[in-house]
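Quick look at coords_30.pdb (PDB, C-alpha atoms (C1' of nucleotides)):
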ATOM      1  CA  MET M  12       9.470  10.900  -8.441
ATOM      2  CA  ASP M  13      12.083   8.565  -9.660
ATOM      3  CA  GLU M  14      10.777   5.210 -10.746
ATOM      4  CA  ASN M  15      14.206   3.772 -10.225
ATOM      5  CA  CYS M  16      13.971   4.326  -6.510
ATOM      6  CA  THR M  17      14.264   0.954  -4.876
ATOM      7  CA  VAL M  18      11.908   1.767  -2.073
ATOM      8  CA  TYR M  19       9.321   3.156  -4.405
ATOM      9  CA  ARG M  20       9.344   0.174  -6.713
ATOM     10  CA  THR M  21       9.209  -2.353  -3.967
ATOM     11  CA  MET M  22       6.398  -0.585  -2.226
ATOM     12  CA  GLY M  23       4.411  -0.710  -5.432
ATOM     13  CA  PHE M  24       4.244  -4.427  -5.150
ATOM     14  CA  LEU M  25       4.252  -4.794  -1.385
ATOM     15  CA  SER M  26       1.577  -2.249  -0.699
ATOM     16  CA  LYS M  27      -1.225  -4.079  -2.406
ATOM     17  CA  LYS M  28      -3.946  -4.995  -0.038
ATOM     18  CA  TRP M  29      -3.609  -8.457   1.523
ATOM     19  CA  THR M  30      -0.134  -9.071   0.160
ATOM     20  CA  LEU M  31       1.793  -8.815   3.383
ATOM     21  CA  LEU M  32      -0.830 -10.803   5.223
ATOM     22  CA  ILE M  33      -0.604 -13.640   2.749
ATOM     23  CA  ILE M  34       3.129 -13.669   3.240
ATOM     24  CA  LEU M  35       2.599 -13.873   6.975
ATOM     25  CA  GLU M  36       0.080 -16.634   6.556
ATOM     26  CA  LEU M  37       2.634 -18.693   4.687
ATOM     27  CA  TYR M  38       5.320 -17.749   7.163
ATOM     28  CA  LYS M  39       3.240 -19.386   9.865
ATOM     29  CA  GLY M  40       3.481 -22.629   7.975
ATOM     30  CA  GLY M  41       7.255 -22.693   8.064
ATOM     31  CA  ASP M  42       8.497 -25.056   5.399
ATOM     32  CA  ARG M  43       5.163 -26.653   4.924
ATOM     33  CA  TRP M  44       3.253 -26.286   1.683
ATOM     34  CA  LYS M  45      -0.166 -24.736   2.153
ATOM     35  CA  ARG M  46      -3.174 -25.242  -0.001
ATOM     36  CA  PHE M  47      -5.364 -22.545  -1.462
ATOM     37  CA  SER M  48      -8.358 -23.319   0.672
ATOM     38  CA  GLU M  49      -6.250 -23.541   3.788
ATOM     39  CA  ILE M  50      -4.926 -20.049   3.242
ATOM     40  CA  LYS M  51      -8.353 -18.775   2.430
ATOM     41  CA  ARG M  52      -9.851 -20.270   5.542
ATOM     42  CA  SER M  53      -7.271 -18.547   7.710
ATOM     43  CA  MET M  54      -7.995 -15.152   6.219
ATOM     44  CA  LYS M  55     -11.667 -15.110   6.476
ATOM     45  CA  ASP M  56     -12.540 -11.963   4.551
ATOM     46  CA  ILE M  57     -10.413 -12.417   1.497
ATOM     47  CA  THR M  58     -12.243 -13.387  -1.668
ATOM     48  CA  PRO M  59     -10.983 -16.153  -3.911
ATOM     49  CA  LYS M  60     -10.357 -13.718  -6.698
ATOM     50  CA  ILE M  61      -8.057 -11.509  -4.682
ATOM     51  CA  LEU M  62      -6.249 -14.453  -3.180
ATOM     52  CA  SER M  63      -5.770 -15.931  -6.600
ATOM     53  CA  ASP M  64      -4.502 -12.641  -8.016
ATOM     54  CA  ARG M  65      -2.087 -12.102  -5.163
ATOM     55  CA  LEU M  66      -0.703 -15.609  -5.224
ATOM     56  CA  ARG M  67       0.052 -15.345  -8.896
ATOM     57  CA  ASN M  68       1.645 -11.951  -8.413
ATOM     58  CA  LEU M  69       3.771 -13.181  -5.534
ATOM     59  CA  GLU M  70       4.886 -16.136  -7.566
ATOM     60  CA  GLU M  71       5.900 -13.826 -10.409
ATOM     61  CA  GLU M  72       7.882 -11.769  -7.952
ATOM     62  CA  GLY M  73       9.675 -14.833  -6.703
ATOM     63  CA  VAL M  74       8.415 -14.429  -3.177
ATOM     64  CA  ILE M  75       6.474 -17.673  -3.100
ATOM     65  CA  GLU M  76       6.650 -20.925  -4.997
ATOM     66  CA  ARG M  77       3.826 -23.101  -6.176
ATOM     67  CA  ARG M  78       3.532 -26.749  -6.938
ATOM     68  CA  VAL M  79       0.683 -28.659  -8.480
ATOM     69  CA  ASP M  80      -0.001 -32.308  -7.979
ATOM     70  CA  SER M  81      -2.244 -33.269 -10.851
ATOM     71  CA  SER M  82      -2.091 -36.959 -10.161
ATOM     72  CA  THR M  83      -4.886 -36.673  -7.677
ATOM     73  CA  VAL M  84      -8.475 -35.714  -8.193
ATOM     74  CA  PRO M  85      -9.112 -32.990  -7.432
ATOM     75  CA  MET M  86      -5.669 -31.690  -8.145
ATOM     76  CA  ARG M  87      -3.801 -29.865  -5.445
ATOM     77  CA  SER M  88      -2.108 -26.519  -5.627
ATOM     78  CA  GLU M  89       0.205 -25.708  -2.802
ATOM     79  CA  TYR M  90       2.260 -22.725  -1.877
ATOM     80  CA  ARG M  91       5.119 -21.751   0.363
ATOM     81  CA  LEU M  92       7.586 -18.927   0.784
ATOM     82  CA  THR M  93      10.892 -18.914  -0.996
ATOM     83  CA  GLU M  94      14.012 -17.777   0.815
ATOM     84  CA  MET M  95      13.431 -14.370  -0.683
ATOM     85  CA  GLY M  96       9.957 -14.376   0.796
ATOM     86  CA  ARG M  97      11.089 -15.486   4.215
ATOM     87  CA  GLU M  98      13.462 -12.571   4.396
ATOM     88  CA  LEU M  99      10.618 -10.274   3.577
ATOM     89  CA  THR M 100       8.916 -11.177   6.800
ATOM     90  CA  GLU M 101      11.627  -9.152   8.516
ATOM     91  CA  VAL M 102      10.006  -6.084   7.071
ATOM     92  CA  ALA M 103       6.659  -7.125   8.443
ATOM     93  CA  LYS M 104       8.259  -7.782  11.767
ATOM     94  CA  ASP M 105       9.654  -4.263  11.867
ATOM     95  CA  ILE M 106       6.311  -2.792  10.996
ATOM     96  CA  LYS M 107       4.787  -4.714  13.819
ATOM     97  CA  VAL M 108       7.426  -3.643  16.309
ATOM     98  CA  TRP M 109       7.005  -0.052  15.276
ATOM     99  CA  ALA M 110       3.237  -0.163  15.435
ATOM    100  CA  LEU M 111       3.188  -1.821  18.815
ATOM    101  CA  LYS M 112       5.507   0.775  20.210
ATOM    102  CA  TRP M 113       3.790   3.820  18.830
ATOM    103  CA  LYS M 114       0.326   3.155  17.596
ATOM    104  CA  ILE M 115      -1.648   0.261  18.791
ATOM    105  CA  ASN M 116      -2.205  -1.288  22.119
ATOM    106  CA  ASN M 117      -2.642  -4.851  21.069
ATOM    107  CA  PRO M 118      -1.284  -7.369  23.564
ATOM    108  CA  ALA M 119      -2.498 -10.354  21.601
ATOM    109  CA  CYS M 120      -0.428  -9.278  18.674
ATOM    110  CA  ALA M 121       2.540  -8.430  20.832
ATOM    111  CA  SER M 122       2.732 -11.865  22.320
ATOM    112  CA  ARG M 123       4.743 -14.475  20.544
ATOM    113  CA  ASP M 124       1.783 -16.665  19.810
ATOM    114  CA  CYS M 125      -0.397 -14.132  18.077
ATOM    115  CA  ILE M 126      -2.614 -16.291  15.943
ATOM    116  CA  VAL M 127      -3.043 -13.598  13.385
ATOM    117  CA  CYS M 128       0.455 -12.744  12.327
ATOM    118  CA  VAL M 129       2.834 -14.822  14.430
ATOM    119  CA  LEU M 130       5.886 -12.673  14.346
TER     120      LEU M 130
ATOM    121  CA  MET T   7      -8.966 -10.930   8.262
ATOM    122  CA  ASP T   8      -8.685  -9.457  11.651
ATOM    123  CA  GLU T   9      -8.858  -5.700  11.750
ATOM    124  CA  ASN T  10      -7.054  -5.780  15.024
ATOM    125  CA  CYS T  11      -3.963  -7.174  13.403
ATOM    126  CA  THR T  12      -1.218  -4.665  13.969
ATOM    127  CA  VAL T  13       0.456  -5.303  10.673
ATOM    128  CA  TYR T  14      -2.777  -5.041   8.782
ATOM    129  CA  ARG T  15      -3.769  -1.761  10.335
ATOM    130  CA  THR T  16      -0.410  -0.172   9.925
ATOM    131  CA  MET T  17      -0.120  -1.232   6.338
ATOM    132  CA  GLY T  18      -3.434   0.406   5.620
ATOM    133  CA  PHE T  19      -1.904   3.742   6.326
ATOM    134  CA  LEU T  20       1.661   3.103   5.222
ATOM    135  CA  SER T  21       0.818   1.564   1.906
ATOM    136  CA  LYS T  22      -0.732   4.612   0.370
ATOM    137  CA  LYS T  23       1.142   5.845  -2.605
ATOM    138  CA  TRP T  24       3.764   8.495  -1.867
ATOM    139  CA  THR T  25       3.516   8.126   1.886
ATOM    140  CA  LEU T  26       6.809   6.407   2.489
ATOM    141  CA  LEU T  27       8.521   8.677   0.033
ATOM    142  CA  ILE T  28       7.284  11.757   1.814
ATOM    143  CA  ILE T  29       8.636  10.342   5.032
ATOM    144  CA  LEU T  30      11.975   9.801   3.364
ATOM    145  CA  GLU T  31      11.928  13.292   1.967
ATOM    146  CA  LEU T  32      11.509  14.700   5.444
ATOM    147  CA  TYR T  33      14.075  12.303   6.810
ATOM    148  CA  LYS T  34      16.601  13.849   4.461
ATOM    149  CA  GLY T  35      16.033  17.164   6.141
ATOM    150  CA  GLY T  36      16.996  15.879   9.561
ATOM    151  CA  ASP T  37      15.672  18.229  12.189
ATOM    152  CA  ARG T  38      14.999  20.976   9.761
ATOM    153  CA  TRP T  39      11.458  22.102   9.028
ATOM    154  CA  LYS T  40      10.574  21.792   5.372
ATOM    155  CA  ARG T  41       8.070  23.809   3.484
ATOM    156  CA  PHE T  42       5.309  22.467   1.308
ATOM    157  CA  SER T  43       6.800  23.780  -1.881
ATOM    158  CA  GLU T  44      10.202  22.490  -0.975
ATOM    159  CA  ILE T  45       8.858  18.983  -0.533
ATOM    160  CA  LYS T  46       6.864  19.273  -3.685
ATOM    161  CA  ARG T  47       9.844  20.387  -5.675
ATOM    162  CA  SER T  48      11.848  17.391  -4.536
ATOM    163  CA  MET T  49       9.175  14.945  -5.612
ATOM    164  CA  LYS T  50       8.531  16.208  -9.009
ATOM    165  CA  ASP T  51       5.517  14.161 -10.035
ATOM    166  CA  ILE T  52       3.363  14.517  -6.984
ATOM    167  CA  THR T  53       0.359  16.809  -7.300
ATOM    168  CA  PRO T  54      -0.441  19.380  -4.642
ATOM    169  CA  LYS T  55      -3.640  17.607  -3.760
ATOM    170  CA  ILE T  56      -1.995  14.320  -3.021
ATOM    171  CA  LEU T  57       0.810  15.954  -1.106
ATOM    172  CA  SER T  58      -1.671  17.941   0.902
ATOM    173  CA  ASP T  59      -3.791  14.867   1.609
ATOM    174  CA  ARG T  60      -0.827  12.802   2.678
ATOM    175  CA  LEU T  61       0.641  15.480   4.891
ATOM    176  CA  ARG T  62      -2.622  15.859   6.723
ATOM    177  CA  ASN T  63      -2.942  12.125   7.103
ATOM    178  CA  LEU T  64       0.598  11.794   8.392
ATOM    179  CA  GLU T  65      -0.016  14.561  10.847
ATOM    180  CA  GLU T  66      -3.141  12.808  12.110
ATOM    181  CA  GLU T  67      -1.117   9.662  12.556
ATOM    182  CA  GLY T  68       1.473  11.509  14.562
ATOM    183  CA  VAL T  69       4.252  10.725  12.161
ATOM    184  CA  ILE T  70       4.959  14.318  11.233
ATOM    185  CA  GLU T  71       4.369  17.636  12.888
ATOM    186  CA  ARG T  72       3.353  20.882  11.294
ATOM    187  CA  ARG T  73       3.805  24.471  12.218
ATOM    188  CA  VAL T  74       2.351  27.538  10.632
ATOM    189  CA  ASP T  75       3.886  30.935  10.721
ATOM    190  CA  SER T  76       1.053  33.287   9.962
ATOM    191  CA  SER T  77       2.998  36.409  10.763
ATOM    192  CA  THR T  78       4.411  36.514   7.294
ATOM    193  CA  VAL T  79       2.653  36.992   4.010
ATOM    194  CA  PRO T  80       2.222  34.560   2.504
ATOM    195  CA  MET T  81       2.079  32.387   5.535
ATOM    196  CA  ARG T  82       4.360  29.410   5.773
ATOM    197  CA  SER T  83       3.538  25.839   6.565
ATOM    198  CA  GLU T  84       6.428  23.697   7.593
ATOM    199  CA  TYR T  85       6.777  20.053   8.372
ATOM    200  CA  ARG T  86       9.178  17.648   9.954
ATOM    201  CA  LEU T  87       9.211  14.124  11.283
ATOM    202  CA  THR T  88       8.368  13.358  14.862
ATOM    203  CA  GLU T  89      10.383  10.787  16.762
ATOM    204  CA  MET T  90       7.730   8.274  15.817
ATOM    205  CA  GLY T  91       8.238   9.175  12.195
ATOM    206  CA  ARG T  92      11.990   8.938  12.355
ATOM    207  CA  GLU T  93      11.752   5.417  13.651
ATOM    208  CA  LEU T  94       9.538   4.559  10.748
ATOM    209  CA  THR T  95      12.378   5.172   8.366
ATOM    210  CA  GLU T  96      13.890   1.963   9.686
ATOM    211  CA  VAL T  97      11.134   0.130   7.908
ATOM    212  CA  ALA T  98      11.953   1.881   4.680
ATOM    213  CA  LYS T  99      15.578   1.049   5.199
ATOM    214  CA  ASP T 100      14.751  -2.630   5.531
ATOM    215  CA  ILE T 101      12.656  -2.565   2.429
ATOM    216  CA  LYS T 102      15.541  -1.051   0.591
ATOM    217  CA  VAL T 103      18.033  -3.593   1.881
ATOM    218  CA  TRP T 104      15.726  -6.407   0.933
ATOM    219  CA  ALA T 105      15.022  -5.047  -2.512
ATOM    220  CA  LEU T 106      18.659  -4.415  -3.261
ATOM    221  CA  LYS T 107      19.541  -7.928  -2.297
ATOM    222  CA  TRP T 108      16.797  -9.715  -4.156
ATOM    223  CA  LYS T 109      15.112  -7.591  -6.706
ATOM    224  CA  ILE T 110      16.763  -4.613  -8.155
ATOM    225  CA  ASN T 111      20.189  -3.899  -9.399
ATOM    226  CA  ASN T 112      20.397  -0.256  -8.548
ATOM    227  CA  PRO T 113      23.876   0.909  -7.592
ATOM    228  CA  ALA T 114      22.847   4.534  -7.289
ATOM    229  CA  CYS T 115      20.330   3.613  -4.661
ATOM    230  CA  ALA T 116      22.712   1.259  -2.928
ATOM    231  CA  SER T 117      25.309   3.913  -2.403
ATOM    232  CA  ARG T 118      25.098   6.002   0.703
ATOM    233  CA  ASP T 119      24.467   9.203  -1.155
ATOM    234  CA  CYS T 120      21.478   8.117  -3.190
ATOM    235  CA  ILE T 121      19.766  11.383  -3.958
ATOM    236  CA  VAL T 122      16.383   9.803  -4.104
ATOM    237  CA  CYS T 123      15.963   8.145  -0.784
ATOM    238  CA  VAL T 124      19.161   8.688   1.180
ATOM    239  CA  LEU T 125      19.074   5.686   3.395
TER     240      LEU T 125
ATOM    241  C1'  DC S  26       3.176  31.542  -2.518
ATOM    242  C1'  DC S  27       0.694  27.753   0.176
ATOM    243  C1'  DG S  28      -2.264  25.230  -0.116
ATOM    244  C1'  DT S  29      -7.720  23.337  -0.605
ATOM    245  C1'  DA S  30     -12.063  21.991  -3.350
ATOM    246  C1'  DT S  31     -14.142  19.953  -7.123
ATOM    247  C1'  DC S  32     -14.597  16.999 -10.672
ATOM    248  C1'  DC S  33     -13.702  12.912 -13.178
ATOM    249  C1'  DG S  34     -11.440   8.871 -15.171
ATOM    250  C1'  DA S  35      -8.673   4.903 -14.152
ATOM    251  C1'  DC S  36      -7.663   1.433 -11.422
ATOM    252  C1'  DT S  37      -8.586  -1.819  -7.463
ATOM    253  C1'  DT S  38     -11.310  -4.444  -4.752
ATOM    254  C1'  DG S  39     -15.313  -7.062  -3.687
ATOM    255  C1'  DA S  40     -19.686 -10.161  -4.098
ATOM    256  C1'  DT S  41     -21.456 -13.762  -6.315
ATOM    257  C1'  DA S  42     -21.974 -17.416  -9.364
ATOM    258  C1'  DC S  43     -19.957 -20.920 -11.827
ATOM    259  C1'  DT S  44     -16.658 -24.658 -14.024
ATOM    260  C1'  DG S  45     -13.290 -28.782 -14.622
TER     261       DG S  45
ATOM    262  C1'  DC O  18     -11.018 -28.145  -4.417
ATOM    263  C1'  DA O  19      -8.960 -24.526  -6.837
ATOM    264  C1'  DG O  20      -9.697 -21.359  -8.967
ATOM    265  C1'  DT O  21     -12.156 -18.034 -13.092
ATOM    266  C1'  DA O  22     -15.893 -14.891 -14.990
ATOM    267  C1'  DT O  23     -18.622 -11.195 -14.485
ATOM    268  C1'  DC O  24     -19.984  -7.032 -12.990
ATOM    269  C1'  DA O  25     -20.793  -3.651  -9.257
ATOM    270  C1'  DA O  26     -18.739  -0.654  -5.861
ATOM    271  C1'  DG O  27     -15.268   1.802  -3.961
ATOM    272  C1'  DT O  28     -10.787   4.161  -3.857
ATOM    273  C1'  DC O  29      -7.109   6.690  -5.764
ATOM    274  C1'  DG O  30      -4.860   9.950  -8.166
ATOM    275  C1'  DG O  31      -4.397  13.719 -11.433
ATOM    276  C1'  DA O  32      -5.922  18.367 -13.698
ATOM    277  C1'  DT O  33      -7.586  22.377 -12.920
ATOM    278  C1'  DA O  34      -9.344  26.272 -10.688
ATOM    279  C1'  DC O  35      -9.703  28.874  -6.906
ATOM    280  C1'  DG O  36      -9.063  31.314  -2.042
ATOM    281  C1'  DG O  37      -6.247  33.177   1.797
TER     282       DG O  37
END
What is this file in structure tokens?
Amino acid sequence: MDENCTVYRTMGFLSKKWTLLIILELYKGGDRWKRFSEIKRSMKDITPKILSDRLRNLEEEGVIERRVDSSTVPMRSEYRLTEMGRELTEVAKDIKVWALKWKINNPACASRDCIVCVL
Amino acid sequence: MDENCTVYRTMGFLSKKWTLLIILELYKGGDRWKRFSEIKRSMKDITPKILSDRLRNLEEEGVIERRVDSSTVPMRSEYRLTEMGRELTEVAKDIKVWALKWKINNPACASRDCIVCVL
DNA sequence: CCGTATCCGACTTGATACTG
DNA sequence: CAGTATCAAGTCGGATACGG
């Protein structure tokens, strides 16, 4: 296997558990900054550790951006997708289209207002 | 997290290491059936166990089909993508387009005759 | 030659408690 | 609130040996 393969390298980062779902969660927010606890609340089974790990990783990859307002107590950390990240949701959208066609009968997810992934 | 989420469920199966690359390897073959050893040879670092595991999993998912010719010795197992599998390569294509734009400067992979993933 | 079974270490994820 | 620390549990992947 060639480590220079674009698909291979990108999958290495994209295929981590929860990653794509976090991206979708932020995508739902549009331009709005979302706070850690808000994201966590929406994804009820993710643990803070994993969410924290993934957010840092996504920030390193340039897919999301973070801002901290330390003037308030407690301080606020907020996140949103970068342009690079928003374009990544196209991939998720394709996966969804494919899965709906071939694999899963899931009307809720197929509808435009799916509360889970909103694609 | 909702286990009924289409994206989530599909990622669970797609995100396994090597999976997408195996799909691409078969995609290169077009309609042609490919043998185990032929696939293995093309992906030089994969071990037989992993390849075997993934092929079985992909077959269960309906993404590839398998045929066995037991009239010869040794018998031959051959694989190719189903229609469902061929459509999945669109996802890989999108990942590649995205990665080339944002992440990786990889002219070999960008060209149409990339020997690794041929997308 | 085409795989499968077993074993094992490395890595990943998860549960829970805790801190500034 | 926004994480981090700790440790347990699970998963993955690789080497090797083996059977049809």
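Put simply, the PyMOL selection byres ((chain M and resi 72-81) around 6) on this file hits Leu69, Glu70, Glu71, Ser82, Thr83, Met86, Arg87, Ser88, Glu89, Tyr90, Arg91, Leu92, Thr93, Met95 and Gly96 of chain M.
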Checklist entry - When the PyMOL selection byres ((chain M and resi 50-59) around 8) is applied to the file above, which residues end up in the set, as a PyMOL selection string? => result (chain M and resi 29+33+36-37+45-49+60-63) or (chain T and resi 7-8) or (chain S and resi 39) or (chain O and resi 20)
Checklist entry - Could you name the residues that touch Glu98 in chain M at 8 Å or less, counting only C-alpha atoms (C1' of nucleotides), but leaving out those on the same chain fewer than 4 positions away, as an MDAnalysis selection string? => result (chainID M and resid 94 102) or (chainID T and resid 104)
Next on the checklist: Expand the PyMOL selection byres ((chain T) within 9 of (chain M)) into the explicit residue set it covers here, and present it as an MDAnalysis selection string.
Outcome noted: chainID T and resid 7:8 10:18 20:24 26:27 48:52 67:68 90 93:94 96:106 108:112 114:116 122:123
Report as AutoDock Vina command-line options the centre and the edge lengths, in Å to one decimal, of the axis-aligned box holding every listed atom of range 27-32 of chain T, padded by 3 Å on each side.
--center_x 9.6 --center_y 11.7 --center_z 2.7 --size_x 10.7 --size_y 12.0 --size_z 11.4
Next on the checklist: If I take CA of Arg92 in chain T and CA of Thr100 in chain M, how far is one from the other in Å, to one decimal?
Outcome noted: 21.1 Å
Checklist entry - Quick one: residues within 12 Å of DT44 in chain S, only C-alpha atoms (C1' of nucleotides) counted, chain neighbours fewer than 5 positions away excluded, as number ranges by chain? => result O: 18-22
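If you look at C1' of DA35 in chain S and C1' of DC24 in chain O, they are 16.5 Å away from each other.
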Item to check | Interface list for chain S, partner chain T, 12 Å threshold, only C-alpha atoms (C1' of nucleotides), as a PyMOL selection string | outcome: chain S and resi 26-31
